[in-house]
Amino acid sequence: MTAPTGVASVAGLLGDIAGTGRDASRGGYSRPVFSTAERDLVAWFTDQAQRRGLDVETDRNGIVWAWWNPAGAPLTGSVVTGSHLDSVPGGGAFDGPLGVASSLAALDHLRARGSAPARPLGIAVFPEEEGSRFGVACLGSRLLTGALAPERALNLTGPDGTSFADAARAAGLDPRHVGRDDEALSRIGVFLELHVEQGRGLIDLGAPVAVASSVLGHGRWRLTITGEGNHAGATLMADRRDPVVAAAAAVLAVRDVARQHDGARATVGRIVPVPGGTNVIAGRVDAWLDVRHPDDDVTAAVVAEITRRAQHAAAVEGCTATVTEESLSPTAHFDAGLRERLREVLPGAPVLATGAGHDAAVLADHVPTGMLFVRNPTGVSHSPAEHVEDPDAEAGALALADALAELLTAPA
């Protein structure tokens, strides 16, 4: 499938940014929020939006908005689409940027059809969706909706010790003004996010595009095990209080506990020994835990059992362990009425749940929200192996355009 004349191809748009944020050591892309790579992507989006005559603004929480409003109508109750541009460390090329590029292409489709809706259409780019720099996923949408207190957000720190407040200030934001923004939120009458599928549903179903039903409840916790730092050569094995050994046992417990609960997913994706010297017994280990399950009570039970086992593993090694919640999102069910409208517009699209978190899930508590997924033939995401075939990318943009056309006909 190729894009009609006057419509930018999704592949072409993504090709424009294919060299931005490449990670030579990890492979794939590393585009943390407010980094040079992420700022370059925001500049690319701003340029693309302005080329299309859209009005572009950045709000006090760092969300970038681009507005198509040919009738000059009030922005309250607009149709909004979009996604994010930041990535996990060593992530794929499509997680986030596919939704942004598809939003631009969908707008081109609407214009090529001669659409001139009375209701405004917005494209939103949310910052720190992945939480790869400051540890809290969907940070921009959480601040917008008030799901995260601004005081807590400003005090978050990245791996290099930089606070969110300082990084936001360097990016041109005023930290004094971050937080719930009812005016910006009121502009979203309905939100529809397109995203690469993060799983194998569409491969097995043989379809290029799906409608989302829900997002699994999930959260992130920091596991801190404290022991006694010492010399690797001068300390006998019997005299050690080694938090790395306790952390190893705790990681195995994470796997074992998750396997005991059908449908649970639990992951330790980052472990940091402190001080981190090769010839040093660490004094502390920090590990980050991700737990997900459709039933929020099961998520809580999994975390509680992991905490118990981690504390036992620490005690065996003469260490102590604490588990601290960093973020928690309950299972989000997308608006049923909107989902049925999307199924009518896209009759061949299956309905799928997802285990991955999204800004759309945060917004779902406040406005009618839906999602579209585009087939990923590898079934792999958060990895350089993530992929979307060009014809599927164009099919996704066309599906998004069809859905937006339907939503733009409805009153605010």
# chains A, B, ... in the order shown; residues from 1 in each chain; ligands from 1
>>> residues_around(residues="range 177-181 of chain A", least_positions_apart="4", cutoff="6 Å", atoms="only C-alpha atoms", output="list in words")
Arg60, Asn61, Leu143, Leu144, Thr145, Gly146 and Pro150 of chain A
>>> residues_around(residues="Ala364 in chain A", least_positions_apart="3", cutoff="12 Å", atoms="only C-alpha atoms", output="PDB file with C-alpha atoms, in the first residue's frame")
ATOM      1  CA  SER A 141       0.000  12.576  31.101  1.00  0.00           C
ATOM      2  CA  ARG A 142       0.156  11.872  34.846  1.00  0.00           C
ATOM      3  CA  THR A 145      -4.364  14.742  34.836  1.00  0.00           C
ATOM      4  CA  ALA A 147      -2.363  11.510  38.797  1.00  0.00           C
ATOM      5  CA  LEU A 185      -7.406  18.543  29.782  1.00  0.00           C
ATOM      6  CA  ILE A 188      -9.522  16.674  24.878  1.00  0.00           C
ATOM      7  CA  GLY A 189     -13.046  15.599  24.016  1.00  0.00           C
ATOM      8  CA  VAL A 190     -11.818  12.194  22.844  1.00  0.00           C
ATOM      9  CA  PHE A 191      -8.322  10.724  22.568  1.00  0.00           C
ATOM     10  CA  LEU A 192      -7.222   8.049  20.098  1.00  0.00           C
ATOM     11  CA  GLU A 193      -3.650   6.747  20.167  1.00  0.00           C
ATOM     12  CA  SER A 213      -9.862  -3.163  24.678  1.00  0.00           C
ATOM     13  CA  SER A 214      -7.767  -2.630  27.808  1.00  0.00           C
ATOM     14  CA  VAL A 215      -4.329  -2.148  29.347  1.00  0.00           C
ATOM     15  CA  SER A 329      -1.634   2.108  37.341  1.00  0.00           C
ATOM     16  CA  PRO A 330      -4.780  -0.007  37.711  1.00  0.00           C
ATOM     17  CA  THR A 331      -6.129  -1.986  34.789  1.00  0.00           C
ATOM     18  CA  ALA A 332      -7.610   0.490  32.289  1.00  0.00           C
ATOM     19  CA  HIS A 333     -10.621  -0.426  30.156  1.00  0.00           C
ATOM     20  CA  PHE A 334     -11.044   1.828  27.141  1.00  0.00           C
ATOM     21  CA  ASP A 335     -14.371   3.558  26.529  1.00  0.00           C
ATOM     22  CA  ALA A 336     -16.844   0.903  25.342  1.00  0.00           C
ATOM     23  CA  LEU A 338     -15.786   4.579  21.451  1.00  0.00           C
ATOM     24  CA  GLY A 357       1.310   0.848  29.435  1.00  0.00           C
ATOM     25  CA  HIS A 358       0.352   3.952  27.449  1.00  0.00           C
ATOM     26  CA  ASP A 359      -0.604   7.587  27.965  1.00  0.00           C
ATOM     27  CA  ALA A 360      -4.038   6.626  26.629  1.00  0.00           C
ATOM     28  CA  ALA A 361      -4.556   4.456  29.716  1.00  0.00           C
ATOM     29  CA  VAL A 367     -11.923  11.389  28.787  1.00  0.00           C
ATOM     30  CA  PRO A 368     -13.266   8.817  26.298  1.00  0.00           C
ATOM     31  CA  THR A 369     -10.103   7.085  25.092  1.00  0.00           C
ATOM     32  CA  GLY A 370      -9.197   4.385  22.587  1.00  0.00           C
ATOM     33  CA  MET A 371      -6.202   2.847  20.865  1.00  0.00           C
TER      34      MET A 371
END
>>> atom_distance(atom1="CA of Leu202 in chain A", atom2="CA of Ala8 in chain A")
24.8 Å
>>> residues_around(residues="range 118-121 of chain A", least_positions_apart="5", cutoff="7 Å", atoms="only C-alpha atoms", output="MDAnalysis selection string")
chainID A and resid 67:69 71 73 75 78:80 408
>>> write_last_selection(atoms="N, CA and C atoms", output="short mmCIF file (atom, residue, chain, number, x, y, z; two decimals), in the first residue's frame")
data_model
loop_
_atom_site.label_atom_id
_atom_site.label_comp_id
_atom_site.auth_asym_id
_atom_site.auth_seq_id
_atom_site.Cartn_x
_atom_site.Cartn_y
_atom_site.Cartn_z
N TRP A 67 -2.36 21.91 16.44
CA TRP A 67 -3.80 22.02 16.22
C TRP A 67 -4.15 22.30 14.77
N TRP A 68 -5.07 21.50 14.24
CA TRP A 68 -5.69 21.76 12.94
C TRP A 68 -7.11 22.23 13.23
N ASN A 69 -7.37 23.48 12.96
CA ASN A 69 -8.64 24.08 13.36
C ASN A 69 -9.10 25.05 12.27
N ALA A 71 -11.91 25.89 11.09
CA ALA A 71 -13.10 26.69 11.35
C ALA A 71 -12.88 27.71 12.47
N ALA A 73 -12.76 27.10 15.62
CA ALA A 73 -13.66 26.77 16.73
C ALA A 73 -12.90 26.76 18.06
N LEU A 75 -11.19 25.28 21.28
CA LEU A 75 -10.47 24.01 21.37
C LEU A 75 -11.11 23.04 22.37
N SER A 78 -12.01 18.93 21.79
CA SER A 78 -11.46 18.55 20.49
C SER A 78 -11.22 17.04 20.38
N VAL A 79 -11.05 16.58 19.16
CA VAL A 79 -10.55 15.23 18.89
C VAL A 79 -9.03 15.30 18.92
N VAL A 80 -8.40 14.43 19.68
CA VAL A 80 -6.95 14.47 19.83
C VAL A 80 -6.38 13.08 19.57
N LEU A 408 -14.59 13.24 14.12
CA LEU A 408 -14.70 14.68 13.85
C LEU A 408 -16.10 15.07 13.40
#
>>> closest_atom_pairs(of="range 131-229 of chain A", to="range 259-272 of chain A", cutoff="12 Å", atoms="only C-alpha atoms", output="CSV")
residue,atom,partner,partner_atom,distance
A:Ser132,CA,A:Arg270,CA,10.6
A:Gly135,CA,A:Arg270,CA,11.0
A:Pro159,CA,A:Val272,CA,9.9
A:Leu216,CA,A:Ala264,CA,9.8
A:Gly217,CA,A:Ala264,CA,10.2
A:His218,CA,A:Arg265,CA,9.1
A:Gly219,CA,A:Ala266,CA,9.8
A:Arg220,CA,A:Thr267,CA,9.6
A:Trp221,CA,A:Val268,CA,9.7
A:Arg222,CA,A:Val268,CA,9.7
A:Leu223,CA,A:Ile271,CA,9.3
A:Thr224,CA,A:Val272,CA,9.7
A:Ile225,CA,A:Val272,CA,10.6
>>> write_last_selection(atoms="N, CA and C atoms", output="PDB file, in the first residue's frame")
ATOM      1  N   SER A 132      12.022   6.069  31.240  1.00  0.00           N
ATOM      2  CA  SER A 132      13.380   5.519  31.199  1.00  0.00           C
ATOM      3  C   SER A 132      14.400   6.428  31.872  1.00  0.00           C
ATOM      4  N   GLY A 135      12.025   7.258  35.933  1.00  0.00           N
ATOM      5  CA  GLY A 135      11.478   6.115  36.663  1.00  0.00           C
ATOM      6  C   GLY A 135       9.973   6.026  36.729  1.00  0.00           C
ATOM      7  N   PRO A 159      19.467   8.552  36.415  1.00  0.00           N
ATOM      8  CA  PRO A 159      20.676   7.806  36.784  1.00  0.00           C
ATOM      9  C   PRO A 159      21.903   8.686  36.985  1.00  0.00           C
ATOM     10  N   LEU A 216      -3.333  -3.774  30.833  1.00  0.00           N
ATOM     11  CA  LEU A 216      -3.132  -4.458  32.111  1.00  0.00           C
ATOM     12  C   LEU A 216      -2.690  -3.491  33.199  1.00  0.00           C
ATOM     13  N   GLY A 217      -3.194  -3.714  34.401  1.00  0.00           N
ATOM     14  CA  GLY A 217      -2.691  -2.974  35.549  1.00  0.00           C
ATOM     15  C   GLY A 217      -1.227  -3.294  35.764  1.00  0.00           C
ATOM     16  N   HIS A 218      -0.450  -2.277  36.109  1.00  0.00           N
ATOM     17  CA  HIS A 218       0.982  -2.502  36.267  1.00  0.00           C
ATOM     18  C   HIS A 218       1.580  -1.425  37.164  1.00  0.00           C
ATOM     19  N   GLY A 219       2.738  -1.737  37.682  1.00  0.00           N
ATOM     20  CA  GLY A 219       3.436  -0.770  38.521  1.00  0.00           C
ATOM     21  C   GLY A 219       4.924  -1.048  38.532  1.00  0.00           C
ATOM     22  N   ARG A 220       5.641  -0.088  39.128  1.00  0.00           N
ATOM     23  CA  ARG A 220       7.087  -0.214  39.274  1.00  0.00           C
ATOM     24  C   ARG A 220       7.449   0.009  40.737  1.00  0.00           C
ATOM     25  N   TRP A 221       8.348  -0.831  41.204  1.00  0.00           N
ATOM     26  CA  TRP A 221       8.812  -0.750  42.579  1.00  0.00           C
ATOM     27  C   TRP A 221      10.333  -0.783  42.607  1.00  0.00           C
ATOM     28  N   ARG A 222      10.903  -0.095  43.598  1.00  0.00           N
ATOM     29  CA  ARG A 222      12.356  -0.147  43.781  1.00  0.00           C
ATOM     30  C   ARG A 222      12.670  -1.073  44.954  1.00  0.00           C
ATOM     31  N   LEU A 223      13.473  -2.087  44.683  1.00  0.00           N
ATOM     32  CA  LEU A 223      13.945  -3.014  45.714  1.00  0.00           C
ATOM     33  C   LEU A 223      15.351  -2.585  46.117  1.00  0.00           C
ATOM     34  N   THR A 224      15.525  -2.249  47.385  1.00  0.00           N
ATOM     35  CA  THR A 224      16.833  -1.838  47.894  1.00  0.00           C
ATOM     36  C   THR A 224      17.294  -2.838  48.945  1.00  0.00           C
ATOM     37  N   ILE A 225      18.429  -3.458  48.697  1.00  0.00           N
ATOM     38  CA  ILE A 225      19.019  -4.404  49.648  1.00  0.00           C
ATOM     39  C   ILE A 225      20.318  -3.797  50.158  1.00  0.00           C
TER      40      ILE A 225
END
>>> select_by_dssp(residues="range 37-239 of chain A", states="alpha helix (DSSP H)", output="PyMOL selection string")
chain A and resi 37-51+97-112+139-145+150-155+164-170+182-186+201-205
>>> select_by_dssp(residues="range 18-213 of chain A", states="strand (DSSP E or B)", output="NGL selection string")
:A and (22 or 29 or 55-58 or 64-68 or 78-84 or 91 or 121-126 or 157 or 163 or 188-196 or 209-213)
>>> residues_around(residues="range 107-114 of chain A", least_positions_apart="5", cutoff="12 Å", atoms="only C-alpha atoms", output="MDAnalysis selection string")
chainID A and resid 2:10 48:49 51:54 66:70 80:82 100:102 120:123 394:406 408
>>> residues_around(residues="range 384-393 of chain A", least_positions_apart="4", cutoff="8 Å", atoms="only C-alpha atoms", output="short mmCIF file (atom, residue, chain, number, x, y, z; two decimals) with N, CA and C atoms, in the first residue's frame")
data_model
loop_
_atom_site.label_atom_id
_atom_site.label_comp_id
_atom_site.auth_asym_id
_atom_site.auth_seq_id
_atom_site.Cartn_x
_atom_site.Cartn_y
_atom_site.Cartn_z
N MET A 1 0.85 -1.19 0.00
CA MET A 1 0.00 0.00 0.00
C MET A 1 0.89 1.24 0.00
N THR A 2 0.61 2.17 -0.91
CA THR A 2 1.36 3.41 -0.96
C THR A 2 0.43 4.57 -0.62
N VAL A 10 4.22 7.03 6.06
CA VAL A 10 4.72 6.83 7.42
C VAL A 10 6.18 6.42 7.36
N ALA A 11 6.52 5.54 6.41
CA ALA A 11 7.91 5.10 6.27
C ALA A 11 8.83 6.28 5.97
N GLY A 27 22.55 -1.07 20.68
CA GLY A 27 21.75 -1.32 19.50
C GLY A 27 20.43 -0.57 19.63
N GLY A 28 19.73 -0.39 18.53
CA GLY A 28 18.46 0.31 18.59
C GLY A 28 18.63 1.79 18.89
N TYR A 29 17.69 2.32 19.67
CA TYR A 29 17.66 3.75 19.96
C TYR A 29 17.55 4.01 21.45
N GLY A 90 18.03 1.49 24.29
CA GLY A 90 18.19 0.46 23.27
C GLY A 90 16.87 -0.03 22.70
N GLY A 91 15.87 0.85 22.61
CA GLY A 91 14.56 0.46 22.12
C GLY A 91 14.48 0.39 20.61
N GLY A 92 13.28 0.06 20.13
CA GLY A 92 13.06 -0.04 18.70
C GLY A 92 12.71 1.30 18.09
N ALA A 93 12.53 1.29 16.76
CA ALA A 93 12.29 2.53 16.02
C ALA A 93 10.83 2.94 16.01
N PHE A 94 9.92 2.09 16.48
CA PHE A 94 8.49 2.32 16.25
C PHE A 94 7.70 2.66 17.51
N LEU A 98 5.98 5.78 15.77
CA LEU A 98 5.00 5.31 14.78
C LEU A 98 3.68 6.05 14.95
N SER A 102 2.19 8.52 12.18
CA SER A 102 0.89 8.13 11.65
C SER A 102 -0.14 9.23 11.84
N VAL A 196 2.50 0.80 17.83
CA VAL A 196 2.93 -0.50 17.38
C VAL A 196 2.46 -1.55 18.40
N PRO A 208 -3.65 -6.46 9.95
CA PRO A 208 -2.64 -5.41 10.10
C PRO A 208 -2.93 -4.43 11.23
N VAL A 209 -4.21 -4.29 11.63
CA VAL A 209 -4.59 -3.27 12.61
C VAL A 209 -5.60 -3.87 13.57
N VAL A 374 -0.84 -1.52 15.45
CA VAL A 374 -0.37 -1.91 14.12
C VAL A 374 0.54 -3.12 14.26
N ARG A 375 0.38 -4.09 13.38
CA ARG A 375 1.07 -5.38 13.46
C ARG A 375 2.60 -5.22 13.50
N ASN A 376 3.18 -6.00 14.39
CA ASN A 376 4.64 -6.09 14.54
C ASN A 376 5.03 -7.53 14.21
N PRO A 377 5.62 -7.79 13.05
CA PRO A 377 5.84 -9.18 12.61
C PRO A 377 6.81 -9.96 13.46
N THR A 378 7.64 -9.28 14.26
CA THR A 378 8.55 -10.01 15.14
C THR A 378 7.88 -10.36 16.46
N GLY A 379 6.84 -9.64 16.82
CA GLY A 379 6.23 -9.83 18.13
C GLY A 379 7.08 -9.29 19.26
N VAL A 380 8.21 -8.66 18.95
CA VAL A 380 9.17 -8.19 19.94
C VAL A 380 9.09 -6.67 20.03
N ALA A 397 -2.06 4.17 9.30
CA ALA A 397 -2.35 5.59 9.13
C ALA A 397 -3.71 5.79 8.47
#
>>> residues_around(residues="Pro127 in chain A", least_positions_apart="3", cutoff="7 Å", atoms="only C-alpha atoms", output="JSON list (two decimals) with N, CA and C atoms, in the first residue's frame")
[["chain", "number", "residue", "atom", "x", "y", "z"],
["A", 33, "VAL", "N", 13.84, 11.32, 27.77],
["A", 33, "VAL", "CA", 13.20, 12.62, 27.75],
["A", 33, "VAL", "C", 14.21, 13.74, 28.05],
["A", 62, "GLY", "N", 5.22, 20.16, 29.47],
["A", 62, "GLY", "CA", 6.10, 19.67, 28.41],
["A", 62, "GLY", "C", 5.41, 18.89, 27.33],
["A", 63, "ILE", "N", 4.08, 18.86, 27.32],
["A", 63, "ILE", "CA", 3.34, 18.19, 26.25],
["A", 63, "ILE", "C", 3.27, 19.15, 25.06],
["A", 84, "HIS", "N", 4.15, 9.39, 21.72],
["A", 84, "HIS", "CA", 5.35, 9.90, 22.39],
["A", 84, "HIS", "C", 6.56, 9.71, 21.48],
["A", 86, "ASP", "N", 9.97, 9.66, 23.16],
["A", 86, "ASP", "CA", 11.07, 9.11, 23.97],
["A", 86, "ASP", "C", 11.08, 7.59, 23.85],
["A", 139, "LEU", "N", 4.82, 10.15, 32.50],
["A", 139, "LEU", "CA", 4.98, 11.26, 33.43],
["A", 139, "LEU", "C", 4.19, 12.49, 32.95],
["A", 140, "GLY", "N", 4.24, 12.79, 31.64],
["A", 140, "GLY", "CA", 3.54, 13.96, 31.15],
["A", 140, "GLY", "C", 2.04, 13.87, 31.32]]
>>> residues_around(residues="Glu305 in chain A", least_positions_apart="2", cutoff="12 Å", atoms="only C-alpha atoms", output="list of chain:residue names")
A:Ala250, A:Ala253, A:Val254, A:Arg255, A:Asp256, A:Val257, A:Ala258, A:Gln260, A:His261, A:Ala266, A:Val291, A:Val298, A:Thr299, A:Ala300, A:Ala301, A:Val302, A:Val303, A:Thr307, A:Arg308, A:Arg309, A:Ala310, A:Gln311, A:His312, A:Val323
>>> decode(residues="range 393-405 of chain A", atoms="N, CA and C atoms", output="tab-separated table (two decimals), in the first residue's frame")
chain	number	residue	atom	x	y	z
A	393	ALA	N	2.24	-0.11	8.10
A	393	ALA	CA	2.31	1.26	8.62
A	393	ALA	C	1.32	2.15	7.87
A	394	GLU	N	1.26	2.01	6.54
A	394	GLU	CA	0.32	2.83	5.75
A	394	GLU	C	-1.12	2.42	6.05
A	395	ALA	N	-1.36	1.13	6.27
A	395	ALA	CA	-2.71	0.68	6.64
A	395	ALA	C	-3.12	1.26	7.98
A	396	GLY	N	-2.16	1.36	8.90
A	396	GLY	CA	-2.46	1.94	10.20
A	396	GLY	C	-2.82	3.41	10.10
A	397	ALA	N	-2.06	4.17	9.30
A	397	ALA	CA	-2.35	5.59	9.13
A	397	ALA	C	-3.71	5.79	8.47
A	398	LEU	N	-4.05	4.94	7.51
A	398	LEU	CA	-5.34	5.04	6.84
A	398	LEU	C	-6.48	4.70	7.82
A	399	ALA	N	-6.26	3.68	8.65
A	399	ALA	CA	-7.27	3.33	9.65
A	399	ALA	C	-7.45	4.47	10.64
A	400	LEU	N	-6.35	5.09	11.04
A	400	LEU	CA	-6.43	6.22	11.96
A	400	LEU	C	-7.20	7.38	11.31
A	401	ALA	N	-6.92	7.65	10.04
A	401	ALA	CA	-7.64	8.71	9.33
A	401	ALA	C	-9.14	8.41	9.26
A	402	ASP	N	-9.50	7.17	8.98
A	402	ASP	CA	-10.92	6.79	8.92
A	402	ASP	C	-11.59	6.99	10.28
A	403	ALA	N	-10.88	6.59	11.34
A	403	ALA	CA	-11.43	6.73	12.68
A	403	ALA	C	-11.57	8.20	13.06
A	404	LEU	N	-10.56	9.01	12.76
A	404	LEU	CA	-10.63	10.43	13.09
A	404	LEU	C	-11.74	11.12	12.30
A	405	ALA	N	-11.92	10.73	11.04
A	405	ALA	CA	-12.98	11.32	10.24
A	405	ALA	C	-14.33	11.08	10.88
